[in-house]
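Here the structure comes first, spelled out in C-alpha cells, and everything after it is commentary.
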There are 2 protein chains.
Amino acid sequence: MPQQNAFYAQSGGVTAVINASAAGVIETARQHPAHIGTVYAGRHGIIGALTEELIDTSQESAAALARLAHTPGGAFGSARYQLPRFEDNRAPYDRLLEVFQAHHIRYFFYNGGGDSADTCLKIAQVSAHLGYPIIAVHVPKTVDNDLPCTDCCPGFGSAAKYVATSIREAAFDVAAMARTSTRVFLLEVMGRHAGWLVIGVSEGLRQPDGTFVATAGGRDAFGHAHLGGVVPILAQRLRTALQLPCHWAVLDYLQRAARHLASQTDVQQAYAVGKAAVEFAVQGHTAVMPTIVRVSDAPYTWTIGMAPLEEVANREKQLPGAFISADGFHITPACHTYLAPLIQGEAYPPFKDGLPEYVTLTNRAVPKKLHTAFTL
Amino acid sequence: MPQQNAFYAQSGGVTAVINASAAGVIETARQHPAHIGTVYAGRHGIIGALTEELIDTSQESAAALARLAHTPGGAFGSARYQLPRFEDNRAPYDRLLEVFQAHHIRYFFYNGGGDSADTCLKIAQVSAHLGYPIIAVHVPKTVDNDLPCTDCCPGFGSAAKYVATSIREAAFDVAAMARTSTRVFLLEVMGRHAGWLVIGVSEGLRQPDGTFVATAGGRDAFGHAHLGGVVPILAQRLRTALQLPCHWAVLDYLQRAARHLASQTDVQQAYAVGKAAVEFAVQGHTAVMPTIVRVSDAPYTWTIGMAPLEEVANREKQLPGAFISADGFHITPACHTYLAPLIQGEAYPPFKDGLPEYVTLTNRAVPKKLHTAFTL
C-alpha cells in the first residue's frame, strides 16, 4: 500500500502500560515512512474518530514519546463506547469511513480488550464491504487478563505486581497489629469475574445464587455491571459473625494506574505488541492481533505471535480451574509457574521533586475537514 | 552508668519506616557495649514487657538488621495499649519495673506517637519515684505527623509520597476516562483529624455539626474513634446530588505499609532518630525525644535536636491554618515549602522474583525469669 495515514485509539479502562503500547505504535510507525504518513490518535478513543477530533501525534517529540512509554493512564483519552451492530445501525460505520477517507487513513490500530477486538474486526469487515478497506489491527490491553489466544495481556502483570506487593506489605502491618487490634485485612481488587487478580477479594465475588455481592450502581456502555465496594460489606459480616476487628482497602483505579511499580516484563510486552501491530499492518495483515507467546517458563522467554480477530473477539479466557487448589484457598504450582514471570523486573519511572515524572502530551488537534457534526 | 540492658518497643499503628528506627536503635546500641548489653524488644510492644515476652535482638545478624531497615510493619509486633494513670492503678508500673529489674534493663526506648510519649514520660518519672530509675527516651513515629517540637514525624513523609503518587497516577487515569465514564475519583487517606495527609479525602472529615462522616465502628484502646469508610458515603452523595459517575478507593493500611515507595528523606530521618535516642540515653538524658530540626528549606537540610517529653506528651500539632488557601481547596506556598522536602528521594527495597524482599526476624524469646503471670 502506498503511504497512508494511521489512526490509533485507546479503548476501555486504561492501564499502567497502555501508553507503552501507544509509544510502540507511534515510534514504529515513524520507522515506516514508506507506508505510514502520520499517526492520528483519537481524542477519547473511537469517539474522536466519530466526531473528527483527531490528534496529530507527529507534533510530539521523540523525547515526549520516550516519556509516554512510562506514563500511566491513556494519553489521548479512552472511551467506553460500543459501536452498534452494523445490521442495526450503519450510520457510525459510514461516519468512521467518511472521516478516515477525509484524512487519508488506511490503518486502524485499536488498543483495548475483548469488546474492542470485536469493534476492530467489524471495522476491517465493514470497510472492505463498503469499498474502502482499512487495515485494522488490535493491540491487546486489559488488567483483567481475559483475552484468548495470548499467553497474557499487557496491563495485567503490572496490576498483579502492585496488588501482590500491596498484599505483602499489608500483611507485615497486620501481623504487627494483630495482638491488640486488626486481625483481618480485606483488600478489594479488580479483575471482574474472570478471576485473574485472585489475591485478596475479587470485586466480582458472587453470592451462592450467582449474583454479585456488590455492584457500585448501574452498568457501563457495554452492559457490564459496575463492580466495586464488596469489602466493606464483607468486613461488616466478619465483624458481626466472628467479632473480628477488620480493616479493609479498595484499590480501584490505583491498581491499574500504579506505573511507579510496573512489571518490567509487562512494560516490555506492552511496547512489543504496539510495535508488532504496526509491523503486521505494513506487511498487509488485517483483522489480526499480536499475541504474547510463552516459549519457556524458566528461564522465562517469550515472542510475539499473531491471532485472527475472529478467534479473539468477545471471548473471555477465565482462570483455569487447575490453577486453584482443591480447598479453594490457594493457587497451584501450575498457577505460580504461569504468574511468576509476569511480575518480574522493576521499571521505575524517573522521579522529580519526589514524584514520578509523567508526561502530558500537547495533543495538538488536526484541523477538521468535514463540515458535519456527528451526534453520539 | 555501667553496662545494663535496654528495652525497645513499638507502639500504635506501624509505618513504612518504623523498622528503620528499630534498626537505628539496635545497631547503635551495638556500638556502645560499654553502656548497653543486649537490646530486648517487646513482643507486641509494651505488652511484651508486662507479660515478660522479651525478644533477644542480639540473635539477629547484621545482615538481618540491614534488611530490617527496609521492611515495613513492626518487626517485633506493636500494640495499642494504654497504661492507666499511676495514681489510679500502679500495678502495671510495679510489674514493668519487676520485669526490667529481673532482666537488668535500665534503658527504655519507646517508638510511637503522642500517647506513647506520655507513657515514656510516666515510666521515667515513676521509675525514679520507685527507686529504680530508668532512662526513658521516646523515638518519634506517626504517619499523622502530629507530634509537637519536631519539624516532622518519621512515617509521614513516606505515606505522603505514596498518597501523592497515587493521586497523580489516578488523575492520569480519570483524565483518560472522563469523557464517557468516571468524572470524579475519591481517595480516602489516613491522618485522623490533625489534617496532615490532606490530599484526597481525610478519613477524619467532619460534618458541619462536628461529628465524623464515617466511623468504622468502635474506639481503640486510647478512646480514639476508629475512622474509615468515608468515601463510599461521599460517592453515594455525589452520585445522587450531582449525577456524576464516581470511582473511589480507600488506602487504609496500604499507605503506611507501602515501603516500596518510601521517601528517602523519611527513611534517613527514621534511622537517625533511632540512632540519636541511643546516643542521648548513653549520655544520660532521660524523658526526652530526638526531634528533626529543619535547618534550611532549599537546599533542604536538617539535623537532630532534643525535646523534653513534658513538651511532647499528649499534645497534637495540627496543620497550620496558614497552610490552606483562603478558598479551602489548595495548599499555600508555605505549605508546599514545608512538605516538598519530606517526600524527596526514592529508597527502593531490593526485589526478588518480582516482589520486595522484606525480612521476618527470628524473634528468639528471652527465657523468663519471673514465675508470675500478669493479666492485661
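Ordering of the C-alpha cells sets the chain letters (A, B, ...), residue numbers begin anew at 1 in every chain, and ligands are numbered from 1 in the order given.
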- Identify, on the basis of only C-alpha atoms, every residue whose closest approach to Lys122 of chain A does not exceed 9 Å; exclude the query and any residue fewer than 5 positions from it along the same chain; express the result as a list in words.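 My reading of the contact set: Arg85, Phe86, Ala117, Ser127 and Ala287 of chain A.
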Neighbours of Gly284 of chain B within 12 Å (only C-alpha atoms; same-chain residues fewer than 5 positions away dropped), as an mmCIF file with all heavy atoms, in the first residue's frame?
data_model
loop_
_atom_site.group_PDB
_atom_site.id
_atom_site.type_symbol
_atom_site.label_atom_id
_atom_site.label_comp_id
_atom_site.auth_asym_id
_atom_site.auth_seq_id
_atom_site.Cartn_x
_atom_site.Cartn_y
_atom_site.Cartn_z
ATOM 1 N N MET B 1 26.710 5.263 83.669
ATOM 2 C CA MET B 1 26.051 4.031 84.151
ATOM 3 C C MET B 1 26.817 2.819 83.629
ATOM 4 O O MET B 1 27.184 2.782 82.454
ATOM 5 C CB MET B 1 24.606 3.984 83.611
ATOM 6 C CG MET B 1 23.751 2.898 84.259
ATOM 7 S SD MET B 1 22.115 2.797 83.513
ATOM 8 C CE MET B 1 21.411 4.359 83.950
ATOM 9 N N PRO B 2 27.117 1.828 84.465
ATOM 10 C CA PRO B 2 27.768 0.614 83.963
ATOM 11 C C PRO B 2 26.830 -0.121 83.007
ATOM 12 O O PRO B 2 25.664 0.223 82.902
ATOM 13 C CB PRO B 2 28.013 -0.203 85.233
ATOM 14 C CG PRO B 2 26.986 0.279 86.208
ATOM 15 C CD PRO B 2 26.775 1.730 85.885
ATOM 16 N N HIS B 35 28.104 0.688 77.598
ATOM 17 C CA HIS B 35 26.881 1.111 78.278
ATOM 18 C C HIS B 35 25.739 0.107 78.158
ATOM 19 O O HIS B 35 25.029 -0.144 79.120
ATOM 20 C CB HIS B 35 26.398 2.454 77.706
ATOM 21 C CG HIS B 35 27.300 3.599 78.010
ATOM 22 N ND1 HIS B 35 28.397 3.918 77.231
ATOM 23 C CD2 HIS B 35 27.287 4.503 79.021
ATOM 24 C CE1 HIS B 35 29.008 4.969 77.734
ATOM 25 N NE2 HIS B 35 28.369 5.348 78.823
ATOM 26 N N ARG B 106 17.857 -1.021 82.086
ATOM 27 C CA ARG B 106 17.904 0.353 82.601
ATOM 28 C C ARG B 106 17.607 1.388 81.520
ATOM 29 O O ARG B 106 17.597 2.583 81.794
ATOM 30 C CB ARG B 106 19.284 0.638 83.192
ATOM 31 C CG ARG B 106 19.522 -0.007 84.535
ATOM 32 C CD ARG B 106 18.864 0.802 85.658
ATOM 33 N NE ARG B 106 19.367 0.359 86.963
ATOM 34 C CZ ARG B 106 19.095 0.970 88.110
ATOM 35 N NH1 ARG B 106 18.323 2.054 88.115
ATOM 36 N NH2 ARG B 106 19.572 0.524 89.248
ATOM 37 N N TYR B 107 17.466 0.891 80.272
ATOM 38 C CA TYR B 107 17.165 1.804 79.158
ATOM 39 C C TYR B 107 15.817 1.417 78.551
ATOM 40 O O TYR B 107 15.568 0.233 78.288
ATOM 41 C CB TYR B 107 18.238 1.729 78.068
ATOM 42 C CG TYR B 107 19.610 2.153 78.524
ATOM 43 C CD1 TYR B 107 20.559 1.204 78.906
ATOM 44 C CD2 TYR B 107 19.958 3.512 78.558
ATOM 45 C CE1 TYR B 107 21.823 1.584 79.314
ATOM 46 C CE2 TYR B 107 21.229 3.902 78.976
ATOM 47 C CZ TYR B 107 22.155 2.936 79.347
ATOM 48 O OH TYR B 107 23.399 3.314 79.751
ATOM 49 N N PRO B 133 15.582 3.931 88.772
ATOM 50 C CA PRO B 133 15.444 4.882 87.664
ATOM 51 C C PRO B 133 15.789 4.274 86.303
ATOM 52 O O PRO B 133 16.821 3.606 86.153
ATOM 53 C CB PRO B 133 16.404 6.012 88.033
ATOM 54 C CG PRO B 133 17.337 5.440 89.030
ATOM 55 C CD PRO B 133 16.589 4.366 89.764
ATOM 56 N N ILE B 134 14.877 4.493 85.383
ATOM 57 C CA ILE B 134 15.027 4.019 84.002
ATOM 58 C C ILE B 134 15.311 5.230 83.125
ATOM 59 O O ILE B 134 14.658 6.265 83.267
ATOM 60 C CB ILE B 134 13.714 3.364 83.524
ATOM 61 C CG1 ILE B 134 13.358 2.125 84.348
ATOM 62 C CG2 ILE B 134 13.772 3.045 82.034
ATOM 63 C CD1 ILE B 134 14.115 0.897 83.983
ATOM 64 N N ILE B 135 16.262 5.082 82.242
ATOM 65 C CA ILE B 135 16.483 6.115 81.229
ATOM 66 C C ILE B 135 15.502 5.846 80.095
ATOM 67 O O ILE B 135 15.617 4.836 79.394
ATOM 68 C CB ILE B 135 17.937 6.100 80.730
ATOM 69 C CG1 ILE B 135 18.844 6.616 81.851
ATOM 70 C CG2 ILE B 135 18.087 6.906 79.450
ATOM 71 C CD1 ILE B 135 20.274 6.824 81.450
ATOM 72 N N ALA B 136 14.519 6.739 79.975
ATOM 73 C CA ALA B 136 13.433 6.513 79.017
ATOM 74 C C ALA B 136 13.506 7.563 77.915
ATOM 75 O O ALA B 136 13.403 8.758 78.178
ATOM 76 C CB ALA B 136 12.091 6.578 79.729
ATOM 77 N N VAL B 137 13.686 7.093 76.690
ATOM 78 C CA VAL B 137 13.774 8.001 75.537
ATOM 79 C C VAL B 137 12.716 7.607 74.515
ATOM 80 O O VAL B 137 12.585 6.421 74.165
ATOM 81 C CB VAL B 137 15.180 7.969 74.897
ATOM 82 C CG1 VAL B 137 15.249 8.913 73.701
ATOM 83 C CG2 VAL B 137 16.244 8.323 75.939
ATOM 84 N N ALA B 277 18.369 8.428 69.729
ATOM 85 C CA ALA B 277 17.765 8.029 71.004
ATOM 86 C C ALA B 277 18.783 7.282 71.855
ATOM 87 O O ALA B 277 18.905 7.518 73.071
ATOM 88 C CB ALA B 277 16.525 7.167 70.748
ATOM 89 N N VAL B 278 19.517 6.377 71.216
ATOM 90 C CA VAL B 278 20.527 5.608 71.956
ATOM 91 C C VAL B 278 21.657 6.527 72.414
ATOM 92 O O VAL B 278 22.134 6.438 73.558
ATOM 93 C CB VAL B 278 21.056 4.449 71.088
ATOM 94 C CG1 VAL B 278 22.240 3.756 71.764
ATOM 95 C CG2 VAL B 278 19.933 3.450 70.817
ATOM 96 N N GLU B 279 22.081 7.419 71.539
ATOM 97 C CA GLU B 279 23.177 8.319 71.899
ATOM 98 C C GLU B 279 22.778 9.234 73.070
ATOM 99 O O GLU B 279 23.569 9.462 73.989
ATOM 100 C CB GLU B 279 23.604 9.130 70.671
ATOM 101 C CG GLU B 279 24.286 8.242 69.624
ATOM 102 C CD GLU B 279 24.477 8.905 68.276
ATOM 103 O OE1 GLU B 279 23.893 9.997 68.056
ATOM 104 O OE2 GLU B 279 25.187 8.317 67.439
#
- Please identify all polymer residues within 12 Å of Tyr271 of chain B, counting only C-alpha atoms, omitting same-chain residues fewer than 3 positions from it, and present them as a PyMOL selection string. chain B and resi 16-28+65-66+68-70+111+139-141+153-155+264-268+274-278+290+292+304
Residues from last step as file, N, CA and C atoms, as a CSV table (one decimal), in the first residue's frame:
chain,number,residue,atom,x,y,z
B,16,ALA,N,5.8,2.6,57.3
B,16,ALA,CA,6.7,2.0,56.4
B,16,ALA,C,8.2,2.1,56.9
B,17,VAL,N,8.4,2.9,57.9
B,17,VAL,CA,9.8,3.2,58.3
B,17,VAL,C,10.1,3.0,59.8
B,18,ILE,N,9.1,2.5,60.5
B,18,ILE,CA,9.4,2.3,62.0
B,18,ILE,C,10.5,1.3,62.2
B,19,ASN,N,10.6,0.3,61.3
B,19,ASN,CA,11.6,-0.6,61.5
B,19,ASN,C,13.0,0.0,61.1
B,20,ALA,N,13.0,1.0,60.4
B,20,ALA,CA,14.3,1.7,60.2
B,20,ALA,C,14.8,2.4,61.5
B,21,SER,N,13.8,2.9,62.3
B,21,SER,CA,14.1,3.4,63.6
B,21,SER,C,14.6,2.2,64.5
B,22,ALA,N,13.9,1.1,64.4
B,22,ALA,CA,14.4,-0.1,65.2
B,22,ALA,C,15.8,-0.4,64.9
B,23,ALA,N,16.1,-0.4,63.6
B,23,ALA,CA,17.5,-0.8,63.2
B,23,ALA,C,18.4,0.3,63.7
B,24,GLY,N,18.0,1.5,63.7
B,24,GLY,CA,18.9,2.6,64.2
B,24,GLY,C,19.2,2.4,65.7
B,25,VAL,N,18.1,2.0,66.5
B,25,VAL,CA,18.3,1.8,67.9
B,25,VAL,C,19.3,0.6,68.1
B,26,ILE,N,19.0,-0.5,67.4
B,26,ILE,CA,19.7,-1.8,67.7
B,26,ILE,C,21.2,-1.7,67.2
B,27,GLU,N,21.4,-1.1,66.0
B,27,GLU,CA,22.7,-1.1,65.5
B,27,GLU,C,23.6,-0.1,66.3
B,28,THR,N,22.9,1.0,66.8
B,28,THR,CA,23.7,2.0,67.5
B,28,THR,C,24.0,1.5,68.9
B,65,LEU,N,19.6,-7.1,60.3
B,65,LEU,CA,19.3,-5.7,60.7
B,65,LEU,C,19.3,-4.8,59.5
B,66,ALA,N,20.2,-5.0,58.6
B,66,ALA,CA,20.2,-4.2,57.4
B,66,ALA,C,18.9,-4.3,56.6
B,68,LEU,N,16.1,-5.3,58.0
B,68,LEU,CA,15.1,-4.7,58.8
B,68,LEU,C,14.8,-3.2,58.4
B,69,ALA,N,15.9,-2.5,58.1
B,69,ALA,CA,15.8,-1.1,57.8
B,69,ALA,C,14.9,-0.8,56.6
B,70,HIS,N,14.7,-1.8,55.8
B,70,HIS,CA,13.8,-1.5,54.6
B,70,HIS,C,12.6,-2.4,54.6
B,111,ASN,N,8.9,3.6,70.8
B,111,ASN,CA,8.8,4.1,69.4
B,111,ASN,C,7.3,4.3,69.1
B,139,VAL,N,11.1,7.6,70.8
B,139,VAL,CA,11.5,7.6,69.4
B,139,VAL,C,10.3,8.0,68.6
B,140,PRO,N,10.3,9.2,68.0
B,140,PRO,CA,9.0,9.6,67.3
B,140,PRO,C,8.6,8.8,66.1
B,141,LYS,N,7.4,8.6,65.9
B,141,LYS,CA,6.8,7.8,64.8
B,141,LYS,C,5.3,8.1,64.7
B,153,CYS,N,7.4,14.1,61.5
B,153,CYS,CA,7.4,12.8,62.2
B,153,CYS,C,7.8,11.7,61.2
B,154,PRO,N,8.8,10.8,61.6
B,154,PRO,CA,9.1,9.7,60.7
B,154,PRO,C,7.8,8.8,60.4
B,155,GLY,N,7.7,8.5,59.2
B,155,GLY,CA,6.5,7.7,58.8
B,155,GLY,C,5.6,8.6,57.9
B,264,GLN,N,13.1,8.7,50.7
B,264,GLN,CA,14.5,8.5,51.2
B,264,GLN,C,14.7,9.5,52.4
B,265,THR,N,14.2,10.7,52.3
B,265,THR,CA,14.4,11.6,53.5
B,265,THR,C,13.8,11.0,54.7
B,266,ASP,N,12.6,10.4,54.6
B,266,ASP,CA,11.9,9.8,55.7
B,266,ASP,C,12.7,8.6,56.3
B,267,VAL,N,13.2,7.8,55.4
B,267,VAL,CA,13.9,6.6,55.8
B,267,VAL,C,15.2,7.1,56.6
B,268,GLN,N,15.8,8.1,56.1
B,268,GLN,CA,17.0,8.6,56.8
B,268,GLN,C,16.7,9.2,58.1
B,274,GLY,N,16.3,6.9,65.7
B,274,GLY,CA,16.6,5.7,66.5
B,274,GLY,C,18.0,5.8,67.0
B,275,LYS,N,18.9,6.2,66.1
B,275,LYS,CA,20.3,6.3,66.5
B,275,LYS,C,20.5,7.3,67.6
B,276,ALA,N,19.9,8.5,67.4
B,276,ALA,CA,20.0,9.6,68.4
B,276,ALA,C,19.5,9.2,69.7
B,277,ALA,N,18.4,8.4,69.7
B,277,ALA,CA,17.8,8.0,71.0
B,277,ALA,C,18.8,7.3,71.9
B,278,VAL,N,19.5,6.4,71.2
B,278,VAL,CA,20.5,5.6,72.0
B,278,VAL,C,21.7,6.5,72.4
B,290,PRO,N,14.3,12.6,70.6
B,290,PRO,CA,15.0,13.2,69.4
B,290,PRO,C,14.0,13.9,68.5
B,292,ILE,N,13.4,16.3,64.8
B,292,ILE,CA,14.0,16.6,63.5
B,292,ILE,C,13.9,18.2,63.4
B,304,ILE,N,19.5,16.8,64.1
B,304,ILE,CA,18.7,16.2,65.2
B,304,ILE,C,18.8,17.1,66.4
- Looking at only C-alpha atoms, which of A:Cys246, A:Ala175, A:Ala258, A:Ile324 is the one that sits closest to Pro349 of chain A?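 Ranked by minimum distance to Pro349 of chain A, first place goes to A:Ala258.
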- Task: Kindly provide, as a PyMOL selection string, the residues of chain A having any atom no farther than 7 Å from an atom of chain B, counting only C-alpha atoms.
- Result: chain A and resi 14+44+72-80+161+165-166+169-170+172-173+175-177+179-181+248-254+257-258+343-345+353-356
Writer output for current selection, N, CA, C and O atoms, as a compact mmCIF listing (two decimals), in the first residue's frame:
# COMPACT_ATOMS: atom_id res chain seq x y z
N VAL A 14 -8.12 2.13 31.19
CA VAL A 14 -6.70 2.26 30.87
C VAL A 14 -5.87 1.44 31.86
O VAL A 14 -6.40 0.89 32.83
N HIS A 44 -10.19 10.68 23.08
CA HIS A 44 -11.15 9.80 23.74
C HIS A 44 -11.58 8.66 22.82
O HIS A 44 -12.76 8.44 22.56
N PRO A 72 1.33 6.47 33.12
CA PRO A 72 0.08 5.70 33.20
C PRO A 72 -1.09 6.48 32.59
O PRO A 72 -0.94 7.61 32.13
N GLY A 73 -2.26 5.85 32.64
CA GLY A 73 -3.45 6.47 32.06
C GLY A 73 -3.46 6.30 30.55
O GLY A 73 -2.66 5.54 29.99
N GLY A 74 -4.35 6.97 29.90
CA GLY A 74 -4.44 6.93 28.45
C GLY A 74 -4.19 8.32 27.91
O GLY A 74 -4.99 9.22 28.10
N ALA A 75 -3.04 8.48 27.23
CA ALA A 75 -2.54 9.83 26.92
C ALA A 75 -3.46 10.61 25.98
O ALA A 75 -3.42 11.84 25.96
N PHE A 76 -4.28 9.91 25.19
CA PHE A 76 -5.14 10.60 24.22
C PHE A 76 -6.60 10.58 24.67
O PHE A 76 -7.48 11.06 23.97
N GLY A 77 -6.82 9.98 25.83
CA GLY A 77 -8.19 9.78 26.29
C GLY A 77 -8.70 8.45 25.78
O GLY A 77 -8.45 8.06 24.64
N SER A 78 -9.40 7.74 26.65
CA SER A 78 -10.01 6.48 26.26
C SER A 78 -11.53 6.66 26.24
O SER A 78 -12.03 7.77 26.50
N ALA A 79 -12.24 5.63 25.90
CA ALA A 79 -13.70 5.72 25.91
C ALA A 79 -14.30 4.35 26.16
O ALA A 79 -13.76 3.34 25.71
N ARG A 80 -15.36 4.35 26.89
CA ARG A 80 -16.21 3.17 26.95
C ARG A 80 -17.38 3.43 25.99
O ARG A 80 -18.35 4.09 26.34
N LYS A 161 1.57 -7.25 39.99
CA LYS A 161 2.76 -6.94 40.80
C LYS A 161 2.40 -5.94 41.90
O LYS A 161 2.82 -6.10 43.06
N THR A 165 2.40 -6.92 45.83
CA THR A 165 3.27 -6.14 46.72
C THR A 165 2.44 -5.50 47.84
O THR A 165 2.83 -5.52 49.01
N SER A 166 1.29 -4.96 47.48
CA SER A 166 0.43 -4.31 48.48
C SER A 166 -0.04 -5.31 49.53
O SER A 166 -0.07 -5.01 50.72
N GLU A 169 2.87 -6.13 51.82
CA GLU A 169 3.14 -5.02 52.74
C GLU A 169 2.06 -4.93 53.82
O GLU A 169 2.36 -4.75 55.01
N ALA A 170 0.80 -5.08 53.42
CA ALA A 170 -0.29 -5.02 54.40
C ALA A 170 -0.17 -6.18 55.38
O ALA A 170 -0.51 -6.03 56.56
N PHE A 172 2.54 -7.51 56.57
CA PHE A 172 3.51 -7.15 57.60
C PHE A 172 2.88 -6.21 58.61
O PHE A 172 3.15 -6.28 59.81
N ASP A 173 2.03 -5.32 58.13
CA ASP A 173 1.36 -4.37 59.02
C ASP A 173 0.40 -5.09 59.96
O ASP A 173 0.46 -4.93 61.19
N ALA A 175 0.28 -8.22 60.79
CA ALA A 175 0.98 -9.12 61.71
C ALA A 175 1.46 -8.35 62.93
O ALA A 175 1.47 -8.88 64.05
N ALA A 176 1.86 -7.10 62.72
CA ALA A 176 2.34 -6.29 63.85
C ALA A 176 1.20 -5.85 64.76
O ALA A 176 1.39 -5.65 65.96
N MET A 177 0.00 -5.69 64.19
CA MET A 177 -1.11 -5.11 64.94
C MET A 177 -2.03 -6.15 65.56
O MET A 177 -2.91 -5.81 66.36
N ARG A 179 -2.17 -8.41 67.78
CA ARG A 179 -2.35 -8.75 69.20
C ARG A 179 -3.46 -7.92 69.84
O ARG A 179 -4.28 -8.45 70.60
N THR A 180 -3.48 -6.64 69.55
CA THR A 180 -4.45 -5.77 70.23
C THR A 180 -5.42 -5.08 69.28
O THR A 180 -6.30 -4.37 69.73
N SER A 181 -5.23 -5.30 67.99
CA SER A 181 -6.04 -4.51 67.05
C SER A 181 -6.49 -5.40 65.90
O SER A 181 -7.04 -6.47 66.12
N TRP A 248 -10.01 -2.68 55.95
CA TRP A 248 -10.19 -3.01 54.54
C TRP A 248 -9.70 -1.87 53.67
O TRP A 248 -9.65 -0.72 54.09
N ALA A 249 -9.32 -2.24 52.46
CA ALA A 249 -8.89 -1.25 51.47
C ALA A 249 -9.48 -1.62 50.13
O ALA A 249 -9.73 -2.79 49.84
N VAL A 250 -9.75 -0.61 49.34
CA VAL A 250 -10.24 -0.79 47.98
C VAL A 250 -9.28 -0.04 47.06
O VAL A 250 -9.12 1.17 47.18
N LEU A 251 -8.64 -0.76 46.15
CA LEU A 251 -7.63 -0.13 45.29
C LEU A 251 -8.24 0.58 44.10
O LEU A 251 -7.76 1.61 43.66
N ASP A 252 -9.27 -0.01 43.53
CA ASP A 252 -9.94 0.57 42.38
C ASP A 252 -8.91 1.03 41.33
O ASP A 252 -8.00 0.26 41.01
N TYR A 253 -9.02 2.24 40.81
CA TYR A 253 -8.15 2.69 39.72
C TYR A 253 -6.66 2.62 40.06
O TYR A 253 -5.82 2.53 39.16
N LEU A 254 -6.33 2.71 41.37
CA LEU A 254 -4.91 2.77 41.73
C LEU A 254 -4.14 1.57 41.17
O LEU A 254 -2.99 1.69 40.77
N ALA A 257 -3.31 2.08 37.61
CA ALA A 257 -2.60 3.33 37.34
C ALA A 257 -1.20 3.35 37.95
O ALA A 257 -0.43 4.25 37.68
N ALA A 258 -0.89 2.34 38.77
CA ALA A 258 0.34 2.38 39.57
C ALA A 258 1.57 2.10 38.72
O ALA A 258 2.28 1.10 38.91
N ILE A 343 5.31 -10.78 36.67
CA ILE A 343 5.56 -9.65 37.57
C ILE A 343 7.05 -9.36 37.71
O ILE A 343 7.45 -8.55 38.55
N GLN A 344 7.86 -10.01 36.90
CA GLN A 344 9.32 -9.90 37.06
C GLN A 344 9.87 -8.55 36.61
O GLN A 344 9.49 -8.04 35.56
N GLY A 345 10.78 -8.06 37.38
CA GLY A 345 11.51 -6.87 37.00
C GLY A 345 10.80 -5.59 37.39
O GLY A 345 9.58 -5.52 37.41
N ASP A 353 11.50 15.89 42.15
CA ASP A 353 10.91 16.52 43.34
C ASP A 353 10.05 15.54 44.14
O ASP A 353 9.01 15.91 44.68
N GLY A 354 10.46 14.28 44.16
CA GLY A 354 9.78 13.31 44.99
C GLY A 354 8.61 12.61 44.36
O GLY A 354 8.03 11.70 44.97
N LEU A 355 8.23 13.00 43.15
CA LEU A 355 7.08 12.40 42.50
C LEU A 355 7.45 11.89 41.11
O LEU A 355 8.36 12.42 40.47
N PRO A 356 6.74 10.86 40.62
CA PRO A 356 7.07 10.35 39.29
C PRO A 356 6.83 11.42 38.23
O PRO A 356 5.86 12.17 38.29
- Query: Quick one: residues within 9 Å of His104 of chain B, only C-alpha atoms counted, chain neighbours fewer than 2 positions away excluded, as an NGL selection string?
  - Reply: :B and (4-6 or 99-102 or 106)
